[in-house]
Structure formats: structure tokens, C-alpha cells
Amino acid sequence: DAGVIQSPRHEVTEMGQEVTLRCKPISGHDYLFWYRQTMMRGLELLIYFNNNVPIDDSGMPEDRFSAKMPNASFSTLKIQPSEPRDSAVYFCASSTTGNQPQHFGDGTRLSIL
Amino acid sequence: SQQGEEDPQALSIQEGENATMNCSYKTSINNLQWYRQNSGRGLVHLILIRSNEREKHSGRLRVTLDTSKKSSSLLITASRAADTASYFCAGGYQKVTFGTGTKLQVIP
């Protein structure tokens with residue numbers, strides 16, 4: 001079975017550039033989560049969707065961050081403009097319900113120079 | 001904000017020994033989950049214990065839950081070098097929130 005698929009695996013770009021991270025959840029999972037992980041702040045929930053609808057975006061750090069889920073099989077997290085402090089590993093996860101086990105992708109390691 | 005605080009933050013043991021990690025959480029939960037994260041990879045779900053359960057086993061894993069103390073523990077018996085990873089607890093009601101993690105090193 002295909003797990004959660006994230007792309008790209010690595011992204012290096014200069015500050016000010018737009019960054020788009022992509023996620024394909026597991027088919028049949030109604031919940032999709034975006035996380036950011038850093039050494040300093042640990043694993044932070046940025047936003048989650050239920051049936052393609054954003055439910056809680058209180059973890060999105062700034063207006064520079066936006067997330068969309070146009071259909072059940074695809075989501076994007078966009079940062080525009082990017083800043084060096086956005087450097088982190090970004091994970092996407094999906095689950096059948098909000099409190100059932102989550103399946104994580106292998107993440108996108110983002111470096112903003 | 002973090003739901004759980006894992007203790008200890010880091011643990012180093014010899015292969016074959018048992019490893020115990022503790023988690024304290026803040027809000028009400030209907031289940032408590034444990035995850036493992038290998039270096040450079042995403043988190044992998046290990047085991048889920050419901051709020052009306054006190055203990056659960058899965059292979060070399062044993063999880064306990066004390067809802068009166070808002071705490072849980074994960075015991076890995078007969079540890080192996082391959083168990084080297086970070087371990088996270090996660091709990092919640094309508095959605096789960098992850099703790100800060102314990103970094104486990106098993107020395108061959």
C-alpha cells in the first residue's frame with residue numbers, strides 16, 4: 001500500500017522565493033495534517049483538514065504561510081516570501097479520524113539561504 | 001503547544017536492557033498514542049491505548065496509562081540497536097497533539 005507521499009524531499013532556495021510543498025495522503029483518509037519540526041521547537045502542528053476543509057490553522061506562523069486541499073488526494077503548503085527562519089523539516093500526515101493513528105510522509109527538508 | 005512532556009529527554013542503554021519512557025499530558029484524552037521516529041524519517045505509529053485501558057502489549061512494547069495522573073509510560077524490553085530512535089507520545093480528544101520526544105540510543 002502506498003503511504004503518504006511528500007515532494008520534494010529536499011528544497012534549497014534563497015530567501016524571498018516562493019516555496020511549495022506537496023502531499024498526497026493515503027486514499028480513504030479524511031484528515032490531513034501539516035507539521036513543522038525543528039530542534040528548537042520540536043514538532044508543531046501548522047494546520048489540519050477534514051474532508052478537504054481547513055479546520056484549525058491556528059498553528060500557521062504568519063500570513064506568509066498558506067495551505068490548500070483542492071481535492072481528497074492532494075494538498076499544498078506554500079510559503080511566500082520565504083525567510084531563513086522557515087528552514088525546517090515539514091511533514092504531512094493523514095488519518096481516518098482526528099484522533100486515530102496518523103501516517104506520516106518522510107518529510108520535506110527545507111533550507112532557506 | 002505541546003500536549004505531552006516526555007521524560008527523560010534522552011536515554012542511552014546497552015543492547016538487551018529495557019528502556020522506559022514516560023509521558024505526562026495536559027488535557028483530557030480518549031486515547032494515547034506512541035510513535036517512533038528514525039533519523040531523517042517521518043513518525044511511525046507504534047501502539048494506541050484507549051482511555052479506559054490501563055495496560056497494553058505489542059511484541060516487545062508495553063504501554064501503561066494512568067488517567068488520574070495524566071501520565072503514560074512506554075517500556076521496550078530486550079532493546080536492540082535498531083530501537084535507536086526518538087519516541088513521541090500523542091494524545092487528545094478530537095485531535096491529537098504530540099509531545100516533545102525522548103531520544104533513545106541503544107548501544108550494541
# chains A, B, ... in the order shown; residues from 1 in each chain; ligands from 1
call {"tool": "interface_residues", "arguments": {"of": "chain A", "to": "chain B", "cutoff": "10 Å", "atoms": "only C-alpha atoms", "output": "JSON, numbers by chain"}}
result
{"A": [4, 31, 41, 42, 43, 44, 45, 48, 59, 89, 90, 91, 92, 93, 97, 98, 99, 100, 101, 102, 103, 104, 105, 106, 107, 108, 109]}
call {"tool": "write_last_selection", "arguments": {"atoms": "C-alpha atoms", "output": "mmCIF file, in the first residue's frame"}}
result
data_model
loop_
_atom_site.group_PDB
_atom_site.id
_atom_site.type_symbol
_atom_site.label_atom_id
_atom_site.label_comp_id
_atom_site.auth_asym_id
_atom_site.auth_seq_id
_atom_site.Cartn_x
_atom_site.Cartn_y
_atom_site.Cartn_z
ATOM 1 C CA VAL A 4 1.740 9.376 2.456
ATOM 2 C CA TYR A 31 -7.889 14.006 7.811
ATOM 3 C CA ARG A 41 10.540 23.994 18.738
ATOM 4 C CA GLY A 42 10.019 20.279 18.213
ATOM 5 C CA LEU A 43 7.025 19.064 16.208
ATOM 6 C CA GLU A 44 4.438 21.791 15.624
ATOM 7 C CA LEU A 45 1.011 21.324 14.079
ATOM 8 C CA TYR A 48 -5.249 20.287 9.533
ATOM 9 C CA GLY A 59 -0.527 26.914 14.141
ATOM 10 C CA VAL A 89 11.520 19.653 8.099
ATOM 11 C CA TYR A 90 7.881 19.808 7.056
ATOM 12 C CA PHE A 91 5.756 16.704 7.470
ATOM 13 C CA CYS A 92 2.388 15.784 6.089
ATOM 14 C CA ALA A 93 0.298 13.117 7.799
ATOM 15 C CA THR A 97 -10.341 10.390 12.028
ATOM 16 C CA GLY A 98 -8.887 13.231 14.051
ATOM 17 C CA ASN A 99 -7.743 11.097 16.967
ATOM 18 C CA GLN A 100 -6.771 7.859 15.239
ATOM 19 C CA PRO A 101 -3.149 6.958 14.369
ATOM 20 C CA GLN A 102 -1.552 9.238 11.838
ATOM 21 C CA HIS A 103 0.521 8.059 8.911
ATOM 22 C CA PHE A 104 3.420 10.366 8.159
ATOM 23 C CA GLY A 105 5.291 11.054 4.974
ATOM 24 C CA ASP A 106 9.071 11.193 5.053
ATOM 25 C CA GLY A 107 9.019 14.979 5.084
ATOM 26 C CA THR A 108 10.486 17.817 3.077
ATOM 27 C CA ARG A 109 13.757 19.205 4.389
#
call {"tool": "select_by_dssp", "arguments": {"residues": "chain A", "states": "strand (DSSP E)", "output": "short mmCIF file (atom, residue, chain, number, x, y, z; two decimals) with N, CA and C atoms, in the first residue's frame"}}
result
data_model
loop_
_atom_site.label_atom_id
_atom_site.label_comp_id
_atom_site.auth_asym_id
_atom_site.auth_seq_id
_atom_site.Cartn_x
_atom_site.Cartn_y
_atom_site.Cartn_z
N ILE A 5 2.74 10.47 0.56
CA ILE A 5 3.83 10.84 -0.34
C ILE A 5 4.02 12.35 -0.32
N GLN A 6 5.24 12.76 -0.02
CA GLN A 6 5.56 14.17 0.00
C GLN A 6 6.61 14.47 -1.05
N SER A 7 6.51 15.67 -1.62
CA SER A 7 7.54 16.12 -2.55
C SER A 7 7.71 17.63 -2.43
N HIS A 10 13.84 17.30 -0.58
CA HIS A 10 14.74 18.36 -0.16
C HIS A 10 14.49 19.59 -1.03
N GLU A 11 14.59 20.76 -0.41
CA GLU A 11 14.42 22.00 -1.14
C GLU A 11 15.38 23.03 -0.55
N VAL A 12 16.20 23.59 -1.42
CA VAL A 12 17.10 24.66 -1.01
C VAL A 12 16.81 25.85 -1.91
N THR A 13 16.52 26.97 -1.28
CA THR A 13 16.19 28.15 -2.06
C THR A 13 16.63 29.40 -1.33
N VAL A 19 7.96 29.01 -1.98
CA VAL A 19 8.21 27.58 -1.80
C VAL A 19 6.86 26.86 -1.76
N THR A 20 6.75 25.78 -2.49
CA THR A 20 5.52 24.98 -2.46
C THR A 20 5.85 23.54 -2.13
N LEU A 21 5.26 23.07 -1.05
CA LEU A 21 5.43 21.69 -0.62
C LEU A 21 4.15 20.92 -0.95
N ARG A 22 4.32 19.67 -1.35
CA ARG A 22 3.18 18.90 -1.83
C ARG A 22 2.99 17.62 -1.02
N CYS A 23 1.73 17.19 -0.94
CA CYS A 23 1.42 15.99 -0.16
C CYS A 23 0.27 15.23 -0.80
N LYS A 24 0.45 13.92 -0.88
CA LYS A 24 -0.63 13.03 -1.30
C LYS A 24 -0.95 12.12 -0.12
N TYR A 31 -8.61 12.94 7.11
CA TYR A 31 -7.89 14.01 7.81
C TYR A 31 -6.48 14.13 7.25
N LEU A 32 -6.05 15.38 7.09
CA LEU A 32 -4.70 15.65 6.62
C LEU A 32 -4.09 16.73 7.51
N PHE A 33 -2.87 16.49 7.92
CA PHE A 33 -2.17 17.38 8.85
C PHE A 33 -0.87 17.85 8.22
N TRP A 34 -0.50 19.10 8.50
CA TRP A 34 0.82 19.63 8.16
C TRP A 34 1.55 19.99 9.45
N TYR A 35 2.78 19.50 9.58
CA TYR A 35 3.61 19.77 10.75
C TYR A 35 4.93 20.38 10.30
N ARG A 36 5.56 21.07 11.25
CA ARG A 36 6.92 21.57 11.07
C ARG A 36 7.74 21.07 12.25
N GLN A 37 8.95 20.58 11.96
CA GLN A 37 9.81 20.07 13.03
C GLN A 37 11.16 20.77 12.98
N THR A 38 11.54 21.33 14.12
CA THR A 38 12.86 21.93 14.29
C THR A 38 13.44 21.48 15.61
N GLY A 42 10.62 21.61 18.28
CA GLY A 42 10.02 20.28 18.21
C GLY A 42 9.03 20.17 17.06
N LEU A 43 8.02 19.33 17.25
CA LEU A 43 7.02 19.06 16.21
C LEU A 43 5.82 19.97 16.44
N GLU A 44 5.53 20.83 15.50
CA GLU A 44 4.44 21.79 15.62
C GLU A 44 3.36 21.50 14.57
N LEU A 45 2.13 21.46 15.01
CA LEU A 45 1.01 21.32 14.08
C LEU A 45 0.73 22.69 13.46
N LEU A 46 0.76 22.75 12.15
CA LEU A 46 0.51 24.01 11.46
C LEU A 46 -0.96 24.18 11.12
N ILE A 47 -1.54 23.15 10.51
CA ILE A 47 -2.92 23.20 10.04
C ILE A 47 -3.40 21.79 9.81
N TYR A 48 -4.72 21.57 9.96
CA TYR A 48 -5.25 20.29 9.53
C TYR A 48 -6.59 20.45 8.83
N PHE A 49 -6.87 19.50 7.95
CA PHE A 49 -8.06 19.49 7.12
C PHE A 49 -8.91 18.26 7.45
N ASN A 50 -10.21 18.44 7.33
CA ASN A 50 -11.14 17.31 7.39
C ASN A 50 -12.00 17.38 6.13
N VAL A 53 -11.54 20.43 4.01
CA VAL A 53 -11.86 21.73 4.58
C VAL A 53 -10.89 22.03 5.71
N PRO A 54 -10.25 23.22 5.71
CA PRO A 54 -9.35 23.55 6.83
C PRO A 54 -10.15 23.71 8.11
N ILE A 55 -9.74 23.01 9.16
CA ILE A 55 -10.46 23.02 10.43
C ILE A 55 -9.77 23.92 11.44
N ASP A 56 -8.45 23.83 11.52
CA ASP A 56 -7.71 24.59 12.52
C ASP A 56 -6.39 25.03 11.90
N PHE A 65 2.44 31.97 5.24
CA PHE A 65 2.14 30.55 5.08
C PHE A 65 0.68 30.39 4.65
N SER A 66 0.46 29.50 3.68
CA SER A 66 -0.91 29.18 3.28
C SER A 66 -0.96 27.71 2.90
N ALA A 67 -2.11 27.10 3.09
CA ALA A 67 -2.27 25.69 2.75
C ALA A 67 -3.61 25.50 2.05
N LYS A 68 -3.62 24.58 1.10
CA LYS A 68 -4.84 24.28 0.37
C LYS A 68 -4.99 22.78 0.22
N MET A 69 -6.22 22.37 0.05
CA MET A 69 -6.51 20.96 -0.26
C MET A 69 -7.61 20.95 -1.29
N PRO A 70 -7.25 21.05 -2.55
CA PRO A 70 -8.27 21.17 -3.60
C PRO A 70 -9.09 19.90 -3.81
N ASN A 71 -8.52 18.75 -3.42
CA ASN A 71 -9.28 17.50 -3.51
C ASN A 71 -8.74 16.52 -2.48
N PHE A 74 -4.75 15.49 -2.63
CA PHE A 74 -3.65 16.41 -2.84
C PHE A 74 -3.77 17.63 -1.94
N SER A 75 -2.63 18.02 -1.35
CA SER A 75 -2.59 19.23 -0.54
C SER A 75 -1.26 19.93 -0.78
N THR A 76 -1.27 21.25 -0.62
CA THR A 76 -0.05 22.03 -0.75
C THR A 76 0.11 22.94 0.45
N LEU A 77 1.36 23.17 0.80
CA LEU A 77 1.73 24.17 1.80
C LEU A 77 2.67 25.14 1.11
N LYS A 78 2.29 26.41 1.12
CA LYS A 78 3.05 27.41 0.39
C LYS A 78 3.62 28.45 1.35
N ILE A 79 4.83 28.85 1.10
CA ILE A 79 5.47 29.91 1.88
C ILE A 79 5.90 30.99 0.88
N ALA A 88 13.37 24.11 8.09
CA ALA A 88 12.85 23.08 8.98
C ALA A 88 12.53 21.84 8.13
N VAL A 89 12.08 20.80 8.81
CA VAL A 89 11.52 19.65 8.10
C VAL A 89 10.00 19.76 8.22
N TYR A 90 9.34 19.70 7.09
CA TYR A 90 7.88 19.81 7.06
C TYR A 90 7.29 18.43 6.76
N PHE A 91 6.39 18.01 7.62
CA PHE A 91 5.76 16.70 7.47
C PHE A 91 4.29 16.86 7.15
N CYS A 92 3.81 15.95 6.34
CA CYS A 92 2.39 15.78 6.09
C CYS A 92 1.99 14.43 6.67
N ALA A 93 0.80 14.37 7.24
CA ALA A 93 0.30 13.12 7.80
C ALA A 93 -1.19 13.01 7.49
N SER A 94 -1.69 11.79 7.45
CA SER A 94 -3.12 11.61 7.24
C SER A 94 -3.65 10.54 8.19
N SER A 95 -4.95 10.60 8.45
CA SER A 95 -5.58 9.60 9.33
C SER A 95 -7.05 9.48 8.96
N HIS A 103 -0.51 8.61 9.78
CA HIS A 103 0.52 8.06 8.91
C HIS A 103 1.29 9.23 8.33
N PHE A 104 2.58 9.24 8.57
CA PHE A 104 3.42 10.37 8.16
C PHE A 104 4.16 10.07 6.86
N THR A 108 9.71 16.97 3.98
CA THR A 108 10.49 17.82 3.08
C THR A 108 11.45 18.61 3.93
N ARG A 109 12.75 18.43 3.65
CA ARG A 109 13.76 19.21 4.39
C ARG A 109 13.98 20.50 3.63
N LEU A 110 13.57 21.60 4.23
CA LEU A 110 13.60 22.91 3.58
C LEU A 110 14.72 23.76 4.16
N SER A 111 15.56 24.27 3.29
CA SER A 111 16.63 25.18 3.70
C SER A 111 16.47 26.48 2.93
N ILE A 112 16.34 27.57 3.67
CA ILE A 112 16.21 28.89 3.07
C ILE A 112 17.51 29.64 3.35
#
call {"tool": "atom_distance", "arguments": {"atom1": "CA of Ala2 (chain A)", "atom2": "CA of Ala85 (chain B)"}}
result
23.3 Å
call {"tool": "atom_distance", "arguments": {"atom1": "CA of Asp83 (chain B)", "atom2": "CA of Ile26 (chain A)"}}
result
26.1 Å
call {"tool": "atom_distance", "arguments": {"atom1": "CA of Arg62 (chain B)", "atom2": "CA of Thr96 (chain A)"}}
result
24.6 Å
call {"tool": "residues_around", "arguments": {"residues": "Gln105 (chain B)", "least_positions_apart": "5", "cutoff": "9 Å", "atoms": "only C-alpha atoms", "output": "number ranges by chain"}}
result
B: 10-14, 81, 83-86
